[in-house]
Amino acid sequence: MISSLLQFIVSACSPSKTSMQKETMSTQLEYASGICAPELYPVRVHKGDFYTADDWLPLTKGGVVEAGWGDNGMNMSRSGIIPTGFKVTYFSYMENKFYKGDFALPSDAIRDLFKEGMIGYRSKRYSTYDAMIVGMAPGGVLVVWMQGIDKQIEIGRYQATETDMEWEHFIPKTGFTRDEYVTNLINRRPEVVANFQKNGLMLGLWDTYRIKYSWRPKFEFPEGSKVEGFELRMYIGEYNFIWGDRLTKNDYEKRAITTSMDLLWADETGQDFGADIYFDEAEIFEAYKLIYRDDKEQDAELVIKYNDTRTSLEFYLRSKSEEIELEKMKVKIYKRT
């Protein structure tokens with residue numbers, strides 16, 4: 001590819017006052033293209049790419065895509081272009097429809113994000129984003145993310161339009177008609193069938209995931225304990241590992257609702273602990289709806305309490321005037337060595 005690799009001189013500031021001083025480093029940009037679809041709503045890409053005026057980075061085509069919203073389930077090609085747009089044509093199995101679209105991307109913002117990069121929590125070294133992902137949801141919903149080792153961020157939401165093509169051009173020589181092929185593929189996935197019978201296409205759900213509120217985690221742990229860092233994973237498909245100065249400041253931020261959290265801390269004896277936390281979707285969305293029902297711009301806190309017996313964590317969504325306990329999440333606490 002012509003001019004596919006760029007040299008960046010990146011000034012990277014440490015997120016910890018003590019771990020690292022400000023340093024300047026040079027890195028060669030190279031990242032992968034990725035594709036994804038929500039679990040239980042499989043798709044297949046016919047063709048697509050990120051592109052500039054004179055270069056491109058193809059999306060992986062062929063195969064069933066269904067790893068999960070925001071997950072980078074398929075990537076092969078790599079490049080270093082700063083894309084000005086992307087295009088994709090794909091098939092949605094649950095809708096039995098083709099979609100296509102060609103969209104401009106915010107190339108200046110993408111360039112800035114690549115330059116900014118991140119300091120990895122475990123490596124304590126600078127790295128930049130290593131994938132750009134296109135997600136395809138029912139109804140022609142498209143989302144693009146940039147993915148790095150400790151951070152994934154949404155670039156934009158786009159709307160594909162319905163199209164059609166000769167089935168033999170899409171999947172040649174199967175011996176099945178289009179309807180037979182689609183039915184057979186879906187019926188080999190009983191969990192997909194069961195979900196569709198219960199929930200249908202759930203049109204609009206992925207836009208609901210994109211709603212953001214001003215909130216922050218708050219840790220109410222026994223005196224002498226210390227939270228080292230936590231990763232928030234959001235229904236929107238974003239994630240972020242927060243540590244160092246950002247953890248110390250713990251500012252309110254506009255965030256989507258979290259689906260899970262990985263939490264690292266040490267108790268007052270110095271024993272290191274971790275916890276894998278998975279929230280119940282219906283419960284946590286209802287809690288946010290209630291807390292923000294009268295004031296969508298207010299600040300709130302997702303409170304995590306470590307109980308006195310050191311056996312469990314408790315969770316509350318709290319505003320200045322109200323508190324809602326969350327009880328349906330799954331929590332696994334473990335010792336770290």
# chains A, B, ... in the order shown; residues from 1 in each chain; ligands from 1

$ select_by_dssp --residues "range 132-280 of chain A" --states "helix (DSSP H, G or I)" --output "MDAnalysis selection string"
chainID A and resid 167:170 178:187 190:199 205:208 244:249

$ atom_distance --atom1 "CA of Val182 in chain A" --atom2 "CA of Glu66 in chain A"
14.7 Å

$ residues_around --residues "range 46-52 of chain A" --least-positions-apart "3" --cutoff "9 Å" --atoms "only C-alpha atoms" --output "list in words"
Ser33, Asp55, Trp56, Leu57, Pro58, Leu59, Thr60, Lys61, Gly62, Ile81, Ile82, Pro83, Thr84, Gly85, Phe86, Lys87, Val88, Thr89, Tyr90, Phe91, Met132 and Phe170 of chain A

$ write_last_selection --atoms "N, CA and C atoms" --output "mmCIF file, in the first residue's frame"
data_model
loop_
_atom_site.group_PDB
_atom_site.id
_atom_site.type_symbol
_atom_site.label_atom_id
_atom_site.label_comp_id
_atom_site.auth_asym_id
_atom_site.auth_seq_id
_atom_site.Cartn_x
_atom_site.Cartn_y
_atom_site.Cartn_z
ATOM 1 N N SER A 33 -7.762 -3.994 10.878
ATOM 2 C CA SER A 33 -9.197 -3.758 10.705
ATOM 3 C C SER A 33 -9.948 -4.915 11.344
ATOM 4 N N ASP A 55 -5.579 5.056 -0.847
ATOM 5 C CA ASP A 55 -5.163 3.830 -0.165
ATOM 6 C C ASP A 55 -6.368 3.223 0.554
ATOM 7 N N TRP A 56 -6.225 2.000 1.023
ATOM 8 C CA TRP A 56 -7.348 1.339 1.686
ATOM 9 C C TRP A 56 -6.834 0.229 2.603
ATOM 10 N N LEU A 57 -7.686 -0.156 3.555
ATOM 11 C CA LEU A 57 -7.434 -1.270 4.464
ATOM 12 C C LEU A 57 -8.689 -2.129 4.456
ATOM 13 N N PRO A 58 -8.650 -3.321 3.849
ATOM 14 C CA PRO A 58 -9.877 -4.112 3.682
ATOM 15 C C PRO A 58 -10.388 -4.678 4.996
ATOM 16 N N LEU A 59 -11.713 -4.839 5.071
ATOM 17 C CA LEU A 59 -12.348 -5.574 6.153
ATOM 18 C C LEU A 59 -12.366 -7.057 5.790
ATOM 19 N N THR A 60 -12.264 -7.914 6.802
ATOM 20 C CA THR A 60 -12.338 -9.351 6.562
ATOM 21 C C THR A 60 -13.726 -9.711 6.027
ATOM 22 N N LYS A 61 -13.775 -10.499 4.995
ATOM 23 C CA LYS A 61 -15.068 -10.897 4.428
ATOM 24 C C LYS A 61 -15.209 -12.406 4.481
ATOM 25 N N GLY A 62 -16.472 -12.853 4.408
ATOM 26 C CA GLY A 62 -16.747 -14.278 4.507
ATOM 27 C C GLY A 62 -16.773 -14.723 5.951
ATOM 28 N N ILE A 81 -2.827 3.625 7.563
ATOM 29 C CA ILE A 81 -3.502 4.793 6.995
ATOM 30 C C ILE A 81 -4.368 5.466 8.058
ATOM 31 N N ILE A 82 -4.570 6.761 7.905
ATOM 32 C CA ILE A 82 -5.572 7.481 8.686
ATOM 33 C C ILE A 82 -6.806 7.588 7.803
ATOM 34 N N PRO A 83 -7.815 6.737 8.013
ATOM 35 C CA PRO A 83 -8.918 6.676 7.048
ATOM 36 C C PRO A 83 -9.767 7.936 7.045
ATOM 37 N N THR A 84 -10.200 8.313 5.871
ATOM 38 C CA THR A 84 -11.155 9.415 5.727
ATOM 39 C C THR A 84 -12.578 8.895 5.611
ATOM 40 N N GLY A 85 -12.736 7.580 5.405
ATOM 41 C CA GLY A 85 -14.065 7.003 5.302
ATOM 42 C C GLY A 85 -14.012 5.489 5.377
ATOM 43 N N PHE A 86 -15.192 4.879 5.404
ATOM 44 C CA PHE A 86 -15.277 3.422 5.324
ATOM 45 C C PHE A 86 -16.539 3.065 4.555
ATOM 46 N N LYS A 87 -16.529 1.884 3.959
ATOM 47 C CA LYS A 87 -17.703 1.362 3.265
ATOM 48 C C LYS A 87 -17.817 -0.120 3.542
ATOM 49 N N VAL A 88 -19.048 -0.616 3.513
ATOM 50 C CA VAL A 88 -19.270 -2.025 3.799
ATOM 51 C C VAL A 88 -20.579 -2.472 3.165
ATOM 52 N N THR A 89 -20.582 -3.701 2.665
ATOM 53 C CA THR A 89 -21.798 -4.392 2.228
ATOM 54 C C THR A 89 -21.841 -5.712 2.982
ATOM 55 N N TYR A 90 -22.975 -6.005 3.630
ATOM 56 C CA TYR A 90 -23.051 -7.201 4.462
ATOM 57 C C TYR A 90 -24.464 -7.751 4.476
ATOM 58 N N PHE A 91 -24.574 -8.981 4.991
ATOM 59 C CA PHE A 91 -25.854 -9.670 5.059
ATOM 60 C C PHE A 91 -26.207 -9.933 6.519
ATOM 61 N N MET A 132 -9.124 -0.936 14.374
ATOM 62 C CA MET A 132 -10.336 -0.180 14.109
ATOM 63 C C MET A 132 -11.405 -1.184 13.705
ATOM 64 N N PHE A 170 -23.204 -13.809 -3.822
ATOM 65 C CA PHE A 170 -22.812 -13.649 -2.417
ATOM 66 C C PHE A 170 -22.217 -14.946 -1.874
#

$ closest_atom_pairs --of "range 121-228 of chain A" --to "range 265-276 of chain A" --cutoff "12 Å" --atoms "only C-alpha atoms" --output "Markdown table"
| residue | atom | partner | partner_atom | distance |
| --- | --- | --- | --- | --- |
| A:Phe219 | CA | A:Trp265 | CA | 10.3 |
| A:Glu220 | CA | A:Trp265 | CA | 11.9 |
| A:Phe221 | CA | A:Asp267 | CA | 8.4 |
| A:Pro222 | CA | A:Glu268 | CA | 7.6 |
| A:Glu223 | CA | A:Glu268 | CA | 6.9 |
| A:Gly224 | CA | A:Glu268 | CA | 4.3 |
| A:Ser225 | CA | A:Asp267 | CA | 4.2 |
| A:Lys226 | CA | A:Ala266 | CA | 5.3 |
| A:Val227 | CA | A:Trp265 | CA | 4.1 |
| A:Glu228 | CA | A:Trp265 | CA | 5.1 |

$ closest_residue --among "A:Lys151, A:Arg78, A:Arg318, A:Arg44" --to "Val65 in chain A" --atoms "only C-alpha atoms"
A:Arg44

$ decode --residues "range 127-190 of chain A" --atoms "C-alpha atoms" --output "PDB file, in the first residue's frame"
ATOM      1  CA  SER A 127       1.191   2.095  23.096  1.00  0.00           C
ATOM      2  CA  THR A 128      -1.376   3.328  20.625  1.00  0.00           C
ATOM      3  CA  TYR A 129      -4.593   1.835  19.288  1.00  0.00           C
ATOM      4  CA  ASP A 130      -4.078  -1.434  17.443  1.00  0.00           C
ATOM      5  CA  ALA A 131      -7.441  -1.998  15.724  1.00  0.00           C
ATOM      6  CA  MET A 132     -10.336  -0.180  14.109  1.00  0.00           C
ATOM      7  CA  ILE A 133     -13.574  -2.162  14.288  1.00  0.00           C
ATOM      8  CA  VAL A 134     -16.843  -1.948  12.359  1.00  0.00           C
ATOM      9  CA  GLY A 135     -19.894  -3.298  14.223  1.00  0.00           C
ATOM     10  CA  MET A 136     -23.119  -4.299  12.447  1.00  0.00           C
ATOM     11  CA  ALA A 137     -26.405  -4.583  14.372  1.00  0.00           C
ATOM     12  CA  PRO A 138     -30.023  -5.243  13.260  1.00  0.00           C
ATOM     13  CA  GLY A 139     -31.733  -2.452  11.372  1.00  0.00           C
ATOM     14  CA  GLY A 140     -28.564  -1.391   9.565  1.00  0.00           C
ATOM     15  CA  VAL A 141     -26.925   0.111  12.660  1.00  0.00           C
ATOM     16  CA  LEU A 142     -23.175   0.566  12.155  1.00  0.00           C
ATOM     17  CA  VAL A 143     -20.658   1.660  14.790  1.00  0.00           C
ATOM     18  CA  VAL A 144     -16.899   2.217  14.451  1.00  0.00           C
ATOM     19  CA  TRP A 145     -14.519   1.861  17.422  1.00  0.00           C
ATOM     20  CA  MET A 146     -10.796   2.298  17.955  1.00  0.00           C
ATOM     21  CA  GLN A 147      -9.332  -0.439  20.153  1.00  0.00           C
ATOM     22  CA  GLY A 148      -6.176  -0.434  22.279  1.00  0.00           C
ATOM     23  CA  ILE A 149      -4.699  -2.526  25.055  1.00  0.00           C
ATOM     24  CA  ASP A 150      -6.513  -0.694  27.873  1.00  0.00           C
ATOM     25  CA  LYS A 151      -9.067   1.405  26.019  1.00  0.00           C
ATOM     26  CA  GLN A 152     -11.747   1.157  23.342  1.00  0.00           C
ATOM     27  CA  ILE A 153     -13.624   4.240  22.206  1.00  0.00           C
ATOM     28  CA  GLU A 154     -16.529   4.812  19.831  1.00  0.00           C
ATOM     29  CA  ILE A 155     -15.733   6.937  16.777  1.00  0.00           C
ATOM     30  CA  GLY A 156     -19.238   7.222  15.364  1.00  0.00           C
ATOM     31  CA  ARG A 157     -22.619   5.688  14.668  1.00  0.00           C
ATOM     32  CA  TYR A 158     -23.818   5.294  11.067  1.00  0.00           C
ATOM     33  CA  GLN A 159     -26.928   4.054   9.279  1.00  0.00           C
ATOM     34  CA  ALA A 160     -26.645   1.535   6.456  1.00  0.00           C
ATOM     35  CA  THR A 161     -29.387   1.223   3.844  1.00  0.00           C
ATOM     36  CA  GLU A 162     -31.072  -1.918   2.557  1.00  0.00           C
ATOM     37  CA  THR A 163     -29.852  -3.301  -0.733  1.00  0.00           C
ATOM     38  CA  ASP A 164     -29.983  -6.624  -2.565  1.00  0.00           C
ATOM     39  CA  MET A 165     -27.808  -8.818  -4.747  1.00  0.00           C
ATOM     40  CA  GLU A 166     -27.866 -12.151  -6.503  1.00  0.00           C
ATOM     41  CA  TRP A 167     -27.511 -14.839  -3.831  1.00  0.00           C
ATOM     42  CA  GLU A 168     -25.169 -16.913  -6.000  1.00  0.00           C
ATOM     43  CA  HIS A 169     -22.858 -13.906  -6.219  1.00  0.00           C
ATOM     44  CA  PHE A 170     -22.812 -13.649  -2.417  1.00  0.00           C
ATOM     45  CA  ILE A 171     -22.438 -17.372  -1.598  1.00  0.00           C
ATOM     46  CA  PRO A 172     -21.923 -19.412  -4.777  1.00  0.00           C
ATOM     47  CA  LYS A 173     -22.514 -23.131  -5.337  1.00  0.00           C
ATOM     48  CA  THR A 174     -24.167 -24.085  -2.061  1.00  0.00           C
ATOM     49  CA  GLY A 175     -26.919 -26.204  -3.577  1.00  0.00           C
ATOM     50  CA  PHE A 176     -29.463 -24.334  -1.400  1.00  0.00           C
ATOM     51  CA  THR A 177     -31.790 -21.485  -2.123  1.00  0.00           C
ATOM     52  CA  ARG A 178     -31.306 -18.286  -0.152  1.00  0.00           C
ATOM     53  CA  ASP A 179     -34.138 -19.065   2.269  1.00  0.00           C
ATOM     54  CA  GLU A 180     -32.942 -22.647   2.756  1.00  0.00           C
ATOM     55  CA  TYR A 181     -29.384 -21.526   3.456  1.00  0.00           C
ATOM     56  CA  VAL A 182     -30.446 -18.841   5.970  1.00  0.00           C
ATOM     57  CA  THR A 183     -32.884 -21.178   7.740  1.00  0.00           C
ATOM     58  CA  ASN A 184     -30.292 -23.947   8.040  1.00  0.00           C
ATOM     59  CA  LEU A 185     -27.652 -21.590   9.429  1.00  0.00           C
ATOM     60  CA  ILE A 186     -30.014 -20.155  12.041  1.00  0.00           C
ATOM     61  CA  ASN A 187     -31.427 -23.537  13.075  1.00  0.00           C
ATOM     62  CA  ARG A 188     -27.887 -24.781  13.819  1.00  0.00           C
ATOM     63  CA  ARG A 189     -27.831 -22.130  16.585  1.00  0.00           C
ATOM     64  CA  PRO A 190     -30.626 -23.017  19.039  1.00  0.00           C
TER      65      PRO A 190
END
